[in-house]
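Asker: If it helps, the file is called upload.cif and holds mmCIF, C-alpha atoms:
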data_protein
#
loop_
_atom_site.label_atom_id
_atom_site.label_comp_id
_atom_site.auth_asym_id
_atom_site.auth_seq_id
_atom_site.Cartn_x
_atom_site.Cartn_y
_atom_site.Cartn_z
CA MET A 1 -17.66 -1.79 -49.45
CA ILE A 2 -18.38 1.97 -49.12
CA ALA A 3 -16.07 2.75 -52.05
CA ALA A 4 -17.82 0.17 -54.23
CA ALA A 5 -21.22 1.54 -53.19
CA ALA A 6 -20.08 5.07 -54.07
CA LEU A 7 -19.00 3.97 -57.54
CA SER A 8 -22.25 2.08 -58.00
CA GLY A 9 -24.23 5.12 -56.82
CA LEU A 10 -22.46 7.38 -59.30
CA ALA A 11 -23.18 4.87 -62.07
CA ASP A 12 -26.85 4.77 -61.04
CA GLY A 13 -27.02 8.57 -61.04
CA ILE A 14 -25.68 8.67 -64.59
CA ARG A 15 -28.18 6.02 -65.66
CA VAL A 16 -31.12 7.81 -64.00
CA THR A 17 -30.56 10.73 -66.39
CA ALA A 18 -29.40 8.85 -69.47
CA MET A 19 -32.14 6.20 -69.55
CA PRO A 20 -35.10 8.61 -69.90
CA LEU A 21 -33.11 10.63 -72.43
CA LEU A 22 -32.57 7.46 -74.46
CA ALA A 23 -36.27 6.59 -74.12
CA ALA A 24 -37.23 10.07 -75.34
CA ALA A 25 -34.84 9.74 -78.27
CA SER A 26 -36.34 6.34 -79.15
CA THR A 27 -39.97 7.49 -79.09
CA GLY A 28 -41.89 10.74 -78.93
CA ASP A 29 -44.69 9.20 -76.91
CA PRO A 30 -44.73 10.48 -73.29
CA PHE A 31 -46.43 7.26 -72.16
CA TRP A 32 -43.49 5.10 -73.19
CA VAL A 33 -41.01 7.56 -71.67
CA SER A 34 -42.88 7.24 -68.37
CA ALA A 35 -43.07 3.47 -68.84
CA ALA A 36 -39.28 3.31 -69.04
CA PHE A 37 -39.10 4.89 -65.56
CA VAL A 38 -41.76 2.58 -64.16
CA ALA A 39 -39.98 -0.47 -65.61
CA GLY A 40 -37.03 0.26 -63.36
CA GLN A 41 -39.25 0.41 -60.25
CA VAL A 42 -41.36 -2.68 -60.94
CA PRO A 43 -38.66 -5.16 -59.78
CA TRP A 44 -39.05 -3.91 -56.20
CA LEU A 45 -42.75 -4.79 -56.31
CA LEU A 46 -42.31 -8.14 -58.03
CA LEU A 47 -39.03 -9.47 -56.70
CA GLY A 48 -38.06 -7.65 -53.50
CA PRO A 49 -38.74 -10.42 -50.93
CA THR A 50 -37.49 -13.12 -53.32
CA VAL A 51 -34.21 -11.29 -53.80
CA GLY A 52 -34.00 -10.88 -50.02
CA ALA A 53 -34.33 -14.64 -49.57
CA LEU A 54 -31.54 -15.16 -52.10
CA ALA A 55 -29.33 -12.75 -50.16
CA ASP A 56 -29.92 -14.78 -47.00
CA ARG A 57 -29.14 -18.15 -48.59
CA THR A 58 -25.85 -17.44 -50.35
CA ASP A 59 -22.55 -15.75 -49.63
CA ARG A 60 -23.42 -12.07 -49.86
CA ALA A 61 -20.02 -10.89 -51.12
CA ARG A 62 -20.05 -13.41 -53.96
CA LEU A 63 -23.65 -12.56 -54.83
CA LEU A 64 -22.86 -8.83 -54.94
CA ARG A 65 -19.93 -9.46 -57.29
CA ARG A 66 -22.03 -11.56 -59.62
CA ALA A 67 -24.82 -8.98 -59.69
CA THR A 68 -22.31 -6.23 -60.48
CA ALA A 69 -20.73 -8.30 -63.25
CA ALA A 70 -24.15 -8.94 -64.79
CA ARG A 71 -24.92 -5.21 -64.75
CA VAL A 72 -21.60 -4.48 -66.46
CA ALA A 73 -22.41 -6.97 -69.22
CA LEU A 74 -25.90 -5.58 -69.77
CA LEU A 75 -24.80 -1.94 -69.80
CA THR A 76 -21.97 -2.71 -72.22
CA SER A 77 -24.44 -4.43 -74.56
CA LEU A 78 -26.86 -1.51 -74.31
CA ALA A 79 -24.05 0.96 -75.02
CA VAL A 80 -22.94 -0.99 -78.11
CA LEU A 81 -26.49 -1.24 -79.46
CA THR A 82 -27.03 2.47 -78.84
CA ALA A 83 -23.77 3.38 -80.55
CA THR A 84 -24.71 1.32 -83.61
CA GLY A 85 -28.18 2.87 -83.78
CA THR A 86 -30.03 -0.41 -83.16
CA SER A 87 -31.63 0.50 -79.83
CA SER A 88 -35.42 0.79 -79.57
CA ILE A 89 -37.99 1.65 -76.95
CA GLY A 90 -38.58 -2.06 -76.41
CA LEU A 91 -34.89 -2.53 -75.65
CA VAL A 92 -34.94 0.47 -73.29
CA LEU A 93 -37.91 -0.99 -71.39
CA ALA A 94 -36.26 -4.39 -71.11
CA ALA A 95 -32.93 -2.88 -70.05
CA SER A 96 -34.64 -0.67 -67.45
CA PHE A 97 -36.37 -3.67 -65.94
CA VAL A 98 -33.27 -5.90 -65.84
CA LEU A 99 -31.10 -3.09 -64.46
CA GLY A 100 -33.82 -2.50 -61.87
CA VAL A 101 -33.49 -6.14 -60.84
CA GLY A 102 -29.75 -5.62 -60.46
CA GLU A 103 -30.33 -2.50 -58.36
CA VAL A 104 -32.75 -4.38 -56.07
CA LEU A 105 -30.17 -7.11 -55.61
CA SER A 106 -27.28 -4.70 -55.06
CA ASP A 107 -29.13 -2.49 -52.57
CA THR A 108 -30.50 -5.45 -50.61
CA VAL A 109 -27.23 -7.33 -50.39
CA THR A 110 -25.26 -4.19 -49.44
CA ALA A 111 -27.64 -3.36 -46.58
CA ALA A 112 -27.62 -6.95 -45.35
CA PHE A 113 -23.85 -7.37 -45.71
CA LEU A 114 -22.71 -4.12 -44.09
CA PRO A 115 -23.28 -5.13 -40.41
CA SER A 116 -20.89 -8.08 -40.82
CA LEU A 117 -18.09 -5.73 -41.90
CA VAL A 118 -18.20 -3.13 -39.10
CA ASP A 119 -18.41 -3.15 -35.32
CA ASP A 120 -21.82 -2.43 -33.84
CA GLN A 121 -20.70 0.91 -32.39
CA HIS A 122 -19.63 2.06 -35.87
CA LEU A 123 -22.87 1.09 -37.61
CA GLU A 124 -24.26 4.66 -37.77
CA ARG A 125 -20.97 5.91 -39.23
CA ALA A 126 -20.96 3.22 -41.91
CA ASN A 127 -24.62 3.80 -42.81
CA GLY A 128 -24.06 7.56 -42.83
CA ARG A 129 -21.23 7.26 -45.31
CA LEU A 130 -23.27 4.84 -47.39
CA VAL A 131 -26.18 7.31 -47.53
CA ALA A 132 -23.81 10.19 -48.32
CA SER A 133 -22.22 8.27 -51.19
CA GLU A 134 -25.67 7.52 -52.61
CA ILE A 135 -26.68 11.19 -52.43
CA VAL A 136 -23.50 12.37 -54.14
CA GLY A 137 -23.80 9.80 -56.90
CA ASN A 138 -27.57 9.65 -57.42
CA GLU A 139 -28.52 13.27 -56.84
CA LEU A 140 -25.54 15.62 -57.02
CA VAL A 141 -22.91 14.43 -59.50
CA GLY A 142 -24.35 11.51 -61.44
CA PRO A 143 -27.36 13.21 -63.10
CA ALA A 144 -25.30 16.20 -64.26
CA VAL A 145 -22.57 13.93 -65.66
CA GLY A 146 -25.15 11.70 -67.33
CA GLY A 147 -26.79 14.63 -69.10
CA MET A 148 -23.48 16.05 -70.33
CA LEU A 149 -22.26 12.68 -71.58
CA PHE A 150 -25.53 12.01 -73.40
CA ALA A 151 -25.24 15.41 -75.11
CA VAL A 152 -21.88 14.30 -76.53
CA ALA A 153 -23.02 10.83 -77.61
CA ALA A 154 -26.06 8.78 -76.61
CA ALA A 155 -23.95 5.68 -75.90
CA LEU A 156 -21.29 7.46 -73.83
CA PRO A 157 -23.12 7.49 -70.45
CA PHE A 158 -23.75 3.74 -70.71
CA PHE A 159 -20.11 2.98 -71.54
CA THR A 160 -19.14 5.20 -68.58
CA ASN A 161 -21.69 3.44 -66.38
CA ALA A 162 -20.24 0.04 -67.28
CA GLY A 163 -16.71 1.33 -66.64
CA LEU A 164 -17.58 2.62 -63.16
CA LEU A 165 -19.21 -0.68 -62.24
CA THR A 166 -16.15 -2.53 -63.52
CA VAL A 167 -13.99 -0.53 -61.11
CA ALA A 168 -16.53 -1.27 -58.37
CA LEU A 169 -16.20 -4.96 -59.21
CA VAL A 170 -12.43 -4.74 -58.74
CA VAL A 171 -12.95 -3.04 -55.37
CA LEU A 172 -15.44 -5.74 -54.34
CA ALA A 173 -12.79 -8.36 -55.05
CA THR A 174 -11.02 -7.13 -51.89
CA VAL A 175 -14.10 -7.74 -49.71
CA PRO A 176 -13.72 -11.05 -47.85
CA LEU A 177 -16.15 -13.85 -48.51
CA VAL A 178 -18.45 -14.55 -45.59
CA ALA A 179 -20.17 -17.89 -45.18
CA ARG A 180 -23.93 -18.09 -45.58
CA PRO A 181 -25.56 -16.81 -42.34
CA THR A 182 -26.69 -19.48 -39.92
CA ALA A 183 -29.68 -19.18 -37.67
CA SER A 184 -29.04 -17.82 -34.20
CA PRO A 185 -30.82 -19.35 -31.18
CA GLY A 186 -34.43 -18.19 -30.93
CA ALA A 187 -34.27 -16.29 -34.23
CA GLY A 188 -36.33 -18.64 -36.32
CA ALA A 189 -39.66 -16.92 -35.74
CA GLY A 190 -39.63 -15.56 -39.26
CA GLY A 191 -39.47 -19.03 -40.80
CA ASP A 192 -38.02 -19.69 -44.21
CA GLY A 193 -38.81 -18.41 -47.70
CA PRO A 194 -39.42 -14.88 -49.08
CA ALA A 195 -42.40 -14.26 -46.73
CA ALA A 196 -40.12 -14.61 -43.70
CA GLY A 197 -39.19 -10.94 -44.01
CA TRP A 198 -42.81 -9.86 -43.61
CA ARG A 199 -43.40 -12.25 -40.72
CA SER A 200 -40.26 -11.01 -38.99
CA ILE A 201 -41.33 -7.37 -39.34
CA ARG A 202 -44.82 -8.16 -38.11
CA SER A 203 -43.58 -10.06 -35.06
CA ARG A 204 -41.02 -7.46 -33.90
CA PRO A 205 -42.44 -4.18 -32.51
CA LEU A 206 -39.37 -2.10 -33.40
CA LEU A 207 -39.33 -3.38 -36.99
CA ARG A 208 -43.07 -2.72 -37.29
CA THR A 209 -42.61 0.85 -36.11
CA ILE A 210 -39.65 1.48 -38.40
CA THR A 211 -41.55 0.12 -41.40
CA TRP A 212 -44.86 1.97 -41.02
CA THR A 213 -43.21 5.27 -40.18
CA SER A 214 -40.80 4.99 -43.12
CA ALA A 215 -43.65 4.09 -45.51
CA LEU A 216 -45.62 7.07 -44.22
CA LEU A 217 -42.70 9.44 -44.76
CA ALA A 218 -42.16 8.06 -48.26
CA ALA A 219 -45.84 8.47 -49.16
CA VAL A 220 -46.10 12.03 -47.84
CA ASP A 221 -42.83 13.09 -49.42
CA ALA A 222 -43.71 11.63 -52.83
CA ALA A 223 -47.12 13.32 -52.75
CA TRP A 224 -45.64 16.83 -52.80
CA PHE A 225 -42.18 16.27 -54.26
CA ALA A 226 -43.63 14.85 -57.50
CA LEU A 227 -45.36 18.22 -57.96
CA LEU A 228 -42.35 20.40 -57.10
CA VAL A 229 -41.48 20.97 -60.76
CA LEU A 230 -44.93 22.53 -61.31
CA ILE A 231 -44.71 24.67 -58.17
CA ALA A 232 -41.22 25.86 -59.09
CA ASP A 233 -42.43 26.92 -62.53
CA GLU A 234 -45.93 28.26 -61.84
CA GLN A 235 -45.64 29.66 -58.32
CA ILE A 236 -41.99 30.65 -57.96
CA GLY A 237 -41.08 31.35 -61.58
CA LEU A 238 -37.98 29.18 -61.74
CA GLY A 239 -36.86 27.91 -65.11
CA ALA A 240 -35.23 24.58 -65.80
CA ALA A 241 -31.86 25.79 -64.53
CA GLY A 242 -33.44 27.17 -61.37
CA PHE A 243 -35.26 23.92 -60.74
CA GLY A 244 -32.00 22.03 -61.10
CA LEU A 245 -30.41 24.35 -58.56
CA LEU A 246 -33.32 23.71 -56.19
CA LEU A 247 -32.71 19.97 -56.45
CA ALA A 248 -28.99 20.51 -55.89
CA LEU A 249 -29.82 22.34 -52.64
CA GLY A 250 -31.74 19.26 -51.59
CA ALA A 251 -28.69 17.11 -52.24
CA VAL A 252 -26.57 19.44 -50.10
CA GLY A 253 -29.13 19.14 -47.31
CA GLY A 254 -29.02 15.37 -47.68
CA LEU A 255 -25.25 15.33 -47.28
CA ALA A 256 -25.51 17.42 -44.13
CA GLY A 257 -28.18 15.04 -42.82
CA ALA A 258 -26.03 12.00 -43.53
CA ALA A 259 -23.14 13.57 -41.62
CA LEU A 260 -25.45 14.33 -38.71
CA GLY A 261 -26.87 10.81 -38.80
CA GLU A 262 -23.38 9.37 -38.29
CA ARG A 263 -23.26 11.04 -34.87
CA LEU A 264 -26.72 9.99 -33.79
CA GLN A 265 -26.84 7.88 -30.63
CA PRO A 266 -28.99 4.73 -31.07
CA ALA A 267 -30.95 5.41 -27.87
CA ARG A 268 -32.04 8.83 -29.17
CA ILE A 269 -33.87 7.58 -32.26
CA ARG A 270 -37.26 8.41 -30.65
CA VAL A 271 -36.35 12.07 -30.18
CA SER A 272 -34.76 12.24 -33.61
CA ALA A 273 -37.80 10.68 -35.29
CA GLY A 274 -40.11 13.24 -33.70
CA ALA A 275 -37.83 16.15 -34.60
CA ILE A 276 -37.57 14.98 -38.21
CA THR A 277 -41.30 14.59 -38.82
CA ALA A 278 -42.14 17.86 -37.03
CA GLY A 279 -39.37 19.79 -38.81
CA MET A 280 -40.32 18.47 -42.23
CA GLY A 281 -44.00 19.12 -41.58
CA LEU A 282 -43.41 22.69 -40.42
CA SER A 283 -41.22 23.52 -43.41
CA LEU A 284 -43.92 22.26 -45.79
CA VAL A 285 -46.64 24.33 -44.10
CA VAL A 286 -44.47 27.47 -44.35
CA PHE A 287 -43.69 26.75 -48.01
CA ALA A 288 -47.38 26.26 -48.83
CA ALA A 289 -48.31 29.49 -47.06
CA ALA A 290 -45.54 31.56 -48.65
CA PRO A 291 -44.19 29.96 -51.84
CA ALA A 292 -40.92 31.66 -52.77
CA ILE A 293 -37.34 30.85 -53.65
CA VAL A 294 -36.20 31.15 -50.03
CA THR A 295 -38.96 29.03 -48.49
CA GLY A 296 -38.67 26.49 -51.33
CA GLY A 297 -34.93 26.22 -50.85
CA LEU A 298 -35.26 25.84 -47.09
CA THR A 299 -37.94 23.18 -47.55
CA VAL A 300 -35.88 20.96 -49.84
CA ILE A 301 -32.87 21.35 -47.54
CA VAL A 302 -34.88 20.46 -44.42
CA THR A 303 -36.78 17.56 -46.00
CA SER A 304 -33.76 16.06 -47.76
CA GLY A 305 -31.62 16.46 -44.67
CA GLY A 306 -34.33 14.95 -42.50
CA PHE A 307 -34.68 11.99 -44.82
CA ALA A 308 -30.94 11.38 -44.75
CA VAL A 309 -30.83 11.40 -40.93
CA TRP A 310 -33.87 9.13 -40.89
CA ASN A 311 -32.35 6.66 -43.34
CA VAL A 312 -29.14 6.38 -41.32
CA ALA A 313 -30.99 5.99 -38.02
CA VAL A 314 -33.61 3.46 -39.12
CA ALA A 315 -31.15 1.44 -41.20
CA SER A 316 -28.89 1.02 -38.18
CA ALA A 317 -31.83 0.22 -35.86
CA ARG A 318 -33.27 -2.26 -38.39
CA GLN A 319 -29.93 -4.02 -38.78
CA ARG A 320 -29.50 -4.33 -35.01
CA ALA A 321 -33.06 -5.62 -34.52
CA THR A 322 -32.83 -8.28 -37.23
CA PRO A 323 -31.03 -11.65 -36.95
CA THR A 324 -28.30 -11.82 -39.56
CA GLU A 325 -29.89 -14.78 -41.36
CA LEU A 326 -33.02 -12.66 -41.97
CA LEU A 327 -31.37 -9.36 -42.91
CA GLY A 328 -31.77 -9.83 -46.64
CA ARG A 329 -35.48 -10.64 -46.46
CA VAL A 330 -36.30 -7.98 -43.89
CA THR A 331 -34.38 -5.34 -45.87
CA ALA A 332 -36.05 -6.27 -49.15
CA THR A 333 -39.55 -6.42 -47.62
CA PHE A 334 -38.98 -3.09 -45.89
CA ARG A 335 -37.80 -1.43 -49.11
CA THR A 336 -40.69 -2.91 -51.09
CA LEU A 337 -43.25 -1.52 -48.65
CA VAL A 338 -41.56 1.89 -48.70
CA VAL A 339 -41.58 1.90 -52.53
CA ILE A 340 -45.30 1.02 -52.49
CA GLY A 341 -45.87 3.92 -50.09
CA GLY A 342 -43.99 6.29 -52.38
CA ILE A 343 -45.89 5.20 -55.49
CA GLY A 344 -49.23 5.46 -53.68
CA GLY A 345 -48.38 8.88 -52.28
CA ALA A 346 -47.38 10.23 -55.70
CA LEU A 347 -50.59 8.97 -57.29
CA VAL A 348 -52.80 10.38 -54.51
CA GLY A 349 -50.94 13.69 -54.55
CA GLY A 350 -51.38 14.01 -58.31
CA ALA A 351 -55.09 13.20 -58.08
CA VAL A 352 -55.66 15.73 -55.30
CA ALA A 353 -53.64 18.43 -57.09
CA SER A 354 -55.67 17.99 -60.27
CA ARG A 355 -58.81 18.86 -58.28
CA THR A 356 -57.30 21.56 -56.05
CA SER A 357 -53.74 22.81 -56.55
CA PRO A 358 -50.15 21.57 -56.02
CA LEU A 359 -49.75 23.95 -53.07
CA ALA A 360 -52.80 22.41 -51.42
CA VAL A 361 -51.00 19.07 -51.55
CA VAL A 362 -47.89 20.62 -49.98
CA LEU A 363 -50.03 22.05 -47.16
CA ALA A 364 -51.80 18.73 -46.63
CA ALA A 365 -48.46 16.89 -46.57
CA GLY A 366 -47.13 19.22 -43.89
CA LEU A 367 -50.26 18.90 -41.77
CA VAL A 368 -50.16 15.10 -42.03
CA LEU A 369 -46.57 15.02 -40.77
CA LEU A 370 -47.31 17.43 -37.89
CA THR A 371 -50.35 15.37 -36.92
CA ALA A 372 -48.38 12.12 -37.13
CA THR A 373 -45.44 13.37 -35.03
CA PRO A 374 -46.80 12.35 -31.58
CA PHE A 375 -47.78 8.94 -32.94
CA VAL A 376 -44.29 8.47 -34.41
CA VAL A 377 -42.68 9.39 -31.08
CA ARG A 378 -45.04 7.06 -29.23
CA GLY A 379 -44.31 4.28 -31.74
CA PHE A 380 -40.60 4.41 -30.92
CA LEU A 381 -41.18 4.69 -27.18
CA HIS A 382 -39.42 1.82 -25.35
CA ARG A 383 -38.49 0.29 -28.72
CA THR A 384 -35.03 1.70 -29.19
CA GLN A 385 -33.40 -1.61 -28.45
CA PRO A 386 -33.85 -4.86 -30.36
CA PRO A 387 -36.48 -7.17 -28.81
#
Spell out the structure here as structure tokens.

Answerer:
Amino acid sequence: MIAAAALSGLADGIRVTAMPLLAAASTGDPFWVSAAFVAGQVPWLLLGPTVGALADRTDRARLLRRATAARVALLTSLAVLTATGTSSIGLVLAASFVLGVGEVLSDTVTAAFLPSLVDDQHLERANGRLVASEIVGNELVGPAVGGMLFAVAAALPFFTNAGLLTVALVVLATVPLVARPTASPGAGAGGDGPAAGWRSIRSRPLLRTITWTSALLAAVDAAWFALLVLIADEQIGLGAAGFGLLLALGAVGGLAGAALGERLQPARIRVSAGAITAGMGLSLVVFAAAPAIVTGGLTVIVTSGGFAVWNVAVASARQRATPTELLGRVTATFRTLVVIGGIGGALVGGAVASRTSPLAVVLAAGLVLLTATPFVVRGFLHRTQPP
């Protein structure tokens, strides 16, 4: 499962770079280039809980294979059309949306399926390796490979993407089929249907805490990180290559955080949550007060590393606190709310920066996290075990 996720993550990292490049080559209008990115995010908002319900009603291994096969077929078609010069911005938008649907399905099913493949005491290790594989593929290796392949031929990254997913499909063939989850005694509070994920989160204190704190972190992080390219250029003087190096440092921090998250004891999530929010907040305040290469590098390392530890810890806690027959819906609802938080944070951060400055947003983000730290710690108090 981890090997297949790593291959899928690398494929996604290649696509994240190649798709906007293809959109830019298809049209010179910045609006449509941005629209191609948004099209890949919209499926989380429209289909997240519905996909979660599907993951809870069918065999998850079989569903993951079918989703991967569909992505291979679509990417191969897109590569052929690009190679023959018949691609258009309309095709790019449609492909981004459909591939986004596949990503929603793949991410949801993987998160819901993982606990059935490992012992409970190894859940942090499995989630840590899953997060690490995503960082390597999506942030460290995949984007660089995607850009180089596109420079050779526009269709090449999409052929490569399809090839990697084909290998992932072969790996998934070794994963045993698991029967559709059945309800456990007393676990039916969430009911049935896509809305069961929301009802389950609302009725379980630990899931509520995990969800609102994660959405808050996503909103605050998106508010300043979306402006980092402007800060790097205007305040620090980094060029495009320097900005890429800054992002690479973040990926390195994320890998270190994922490794640390593997060793995190479940009962210590409260302390870890407080340390993460306080550490991220402090690094942002220092960066806003003294913008420089060193403080910028330390900030992306600390924030990316903190996010990785957080993702491992809360994923494991969420999986333990959720009945297996609700894992798909709870995971999808959780991810949808976090995506909404990230989109909202980016929009608010951009609006505030246009009236003040990007560094003012960084300072505000740090102060928000420092202010929220005691509330985050209190939220996890006595909620480190499933209800």

Asker: Where does the PyMOL selection byres ((chain A and resi 12) around 8) land in this file, that is, which residues does it pick, as a PyMOL selection string?

Answerer: chain A and resi 8-11+13-16+137-138+142+161

Asker: I'd like to know which of A:Val131, A:Ala18, A:Ala69, A:Ala144 is closest to Leu156 in chain A, using only C-alpha atoms.

Answerer: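 When distances to Leu156 in chain A are compared using only C-alpha atoms, the smallest one comes from A:Ala18.
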
Asker: Could you write out as a PyMOL selection string the residues that the PyMOL selection byres ((chain A and resi 212-229) around 7) matches in the shown file?

Answerer: chain A and resi 208-211+230-233+243+337-338+341-342+344-346+348-349+358+361-362+365+376

Asker: Filtering to C-alpha atoms, could you give me those residues as a CSV table (one decimal), in the coordinates of the input?

Answerer:
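This is the output file again-v8.csv:
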chain,number,residue,atom,x,y,z
A,208,ARG,CA,-43.1,-2.7,-37.3
A,209,THR,CA,-42.6,0.8,-36.1
A,210,ILE,CA,-39.6,1.5,-38.4
A,211,THR,CA,-41.6,0.1,-41.4
A,230,LEU,CA,-44.9,22.5,-61.3
A,231,ILE,CA,-44.7,24.7,-58.2
A,232,ALA,CA,-41.2,25.9,-59.1
A,233,ASP,CA,-42.4,26.9,-62.5
A,243,PHE,CA,-35.3,23.9,-60.7
A,337,LEU,CA,-43.2,-1.5,-48.6
A,338,VAL,CA,-41.6,1.9,-48.7
A,341,GLY,CA,-45.9,3.9,-50.1
A,342,GLY,CA,-44.0,6.3,-52.4
A,344,GLY,CA,-49.2,5.5,-53.7
A,345,GLY,CA,-48.4,8.9,-52.3
A,346,ALA,CA,-47.4,10.2,-55.7
A,348,VAL,CA,-52.8,10.4,-54.5
A,349,GLY,CA,-50.9,13.7,-54.6
A,358,PRO,CA,-50.2,21.6,-56.0
A,361,VAL,CA,-51.0,19.1,-51.6
A,362,VAL,CA,-47.9,20.6,-50.0
A,365,ALA,CA,-48.5,16.9,-46.6
A,376,VAL,CA,-44.3,8.5,-34.4

Asker: Apply the PyMOL selection byres ((chain A and resi 195) around 9) to the file shown and report the selected residues as a list in words.

Answerer: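 Output of the PyMOL selection byres ((chain A and resi 195) around 9): Pro49, Thr50, Ala53, Gly190, Gly191, Asp192, Gly193, Pro194, Ala196, Gly197, Trp198, Arg199, Ser200, Arg329 and Thr333 of chain A.
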
Asker: Give one line per residue of range 119-162 of chain A that approaches range 297-311 of chain A to at most 9 Å, naming the two atoms of the closest pair and their distance in Å to one decimal, counting all atoms listed in the file; sort by chain then ascending residue number and deliver it as JSON lines.

Answerer:
{"residue": "A:Asn127", "atom": "CA", "partner": "A:Asn311", "partner_atom": "CA", "distance": 8.3}
{"residue": "A:Gly128", "atom": "CA", "partner": "A:Val309", "partner_atom": "CA", "distance": 8.0}
{"residue": "A:Val131", "atom": "CA", "partner": "A:Ala308", "partner_atom": "CA", "distance": 6.9}
{"residue": "A:Ala132", "atom": "CA", "partner": "A:Ala308", "partner_atom": "CA", "distance": 8.1}
{"residue": "A:Ile135", "atom": "CA", "partner": "A:Ala308", "partner_atom": "CA", "distance": 8.8}

Asker: Report, in Å to a single decimal, how far apart CA of Thr160 in chain A and CA of Ala73 in chain A are.

Answerer: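 CA of Thr160 in chain A lies 12.6 Å from CA of Ala73 in chain A.
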
Asker: Let me make sure I understand: among A:Gly254, A:Gly274, A:Pro291, A:Gly279, which one has the smallest atom-to-atom distance to Glu234 in chain A if we use all atoms listed in the file?

Answerer: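 Looking only at the distances to Glu234 in chain A, the closest residue turns out to be A:Pro291.
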
Asker: Nearest residue to Phe375 in chain A out of A:Val136, A:Ala278, A:Val252, A:Ile236, using only C-alpha atoms?

Answerer: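 Once distances to Phe375 in chain A are computed over only C-alpha atoms, the minimum belongs to A:Ala278.
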
Asker: CA of Arg202 in chain A and CA of Arg60 in chain A, how far apart in Å?

Answerer: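 Between CA of Arg60 in chain A and CA of Arg202 in chain A the gap works out to 24.7 Å.
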
Asker: Which of these, A:Ala364, A:Val101, A:Leu207, A:Ile2, has the shortest distance to Pro323 in chain A once you count all atoms listed in the file?

Answerer: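 Checking each of A:Ala364, A:Val101, A:Leu207, A:Ile2 against Pro323 in chain A, counting all atoms listed in the file, the winner is A:Leu207.
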
Asker: Which residue is closest to Leu7 in chain A? Choose from A:Thr166, A:Gln41, A:Thr110, A:Ser88 and count all atoms listed in the file.

Answerer: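 Selected residue with least distance to Leu7 in chain A: A:Thr166.
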
Asker: With distances taken over all atoms listed in the file, which residue among A:Phe150, A:Trp32, A:Phe113, A:Phe287 lies nearest Leu359 in chain A?

Answerer: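 Using all atoms listed in the file, Leu359 in chain A sits closest to A:Phe287.
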
Asker: Find the residues around Gly52 in chain A up to 7 Å (all atoms listed in the file counted), leave out those fewer than 3 positions away in its own chain, and share them as a list of chain:residue names.

Answerer: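 In the requested format, the answer is A:Gly48, A:Pro49, A:Ala55, A:Asp56, A:Thr108, A:Pro194, A:Gly328, A:Arg329, A:Thr331, A:Ala332.
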
Asker: Where's the centre, and what are the edge lengths in Å to one decimal, of a box along x, y and z enclosing all listed atoms of range 315-329 of chain A padded 5 Å per side, as lines of an AutoDock Vina configuration file?

Answerer:
center_x = -31.9
center_y = -6.7
center_z = -40.6
size_x = 17.2
size_y = 26.2
size_z = 22.1

Asker: So the first atom is CA of Arg57 in chain A and the second is CA of Pro115 in chain A; what is the distance between them in Å, to one decimal place?

Answerer: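 We find that CA of Arg57 in chain A and CA of Pro115 in chain A lie 16.5 Å from each other.
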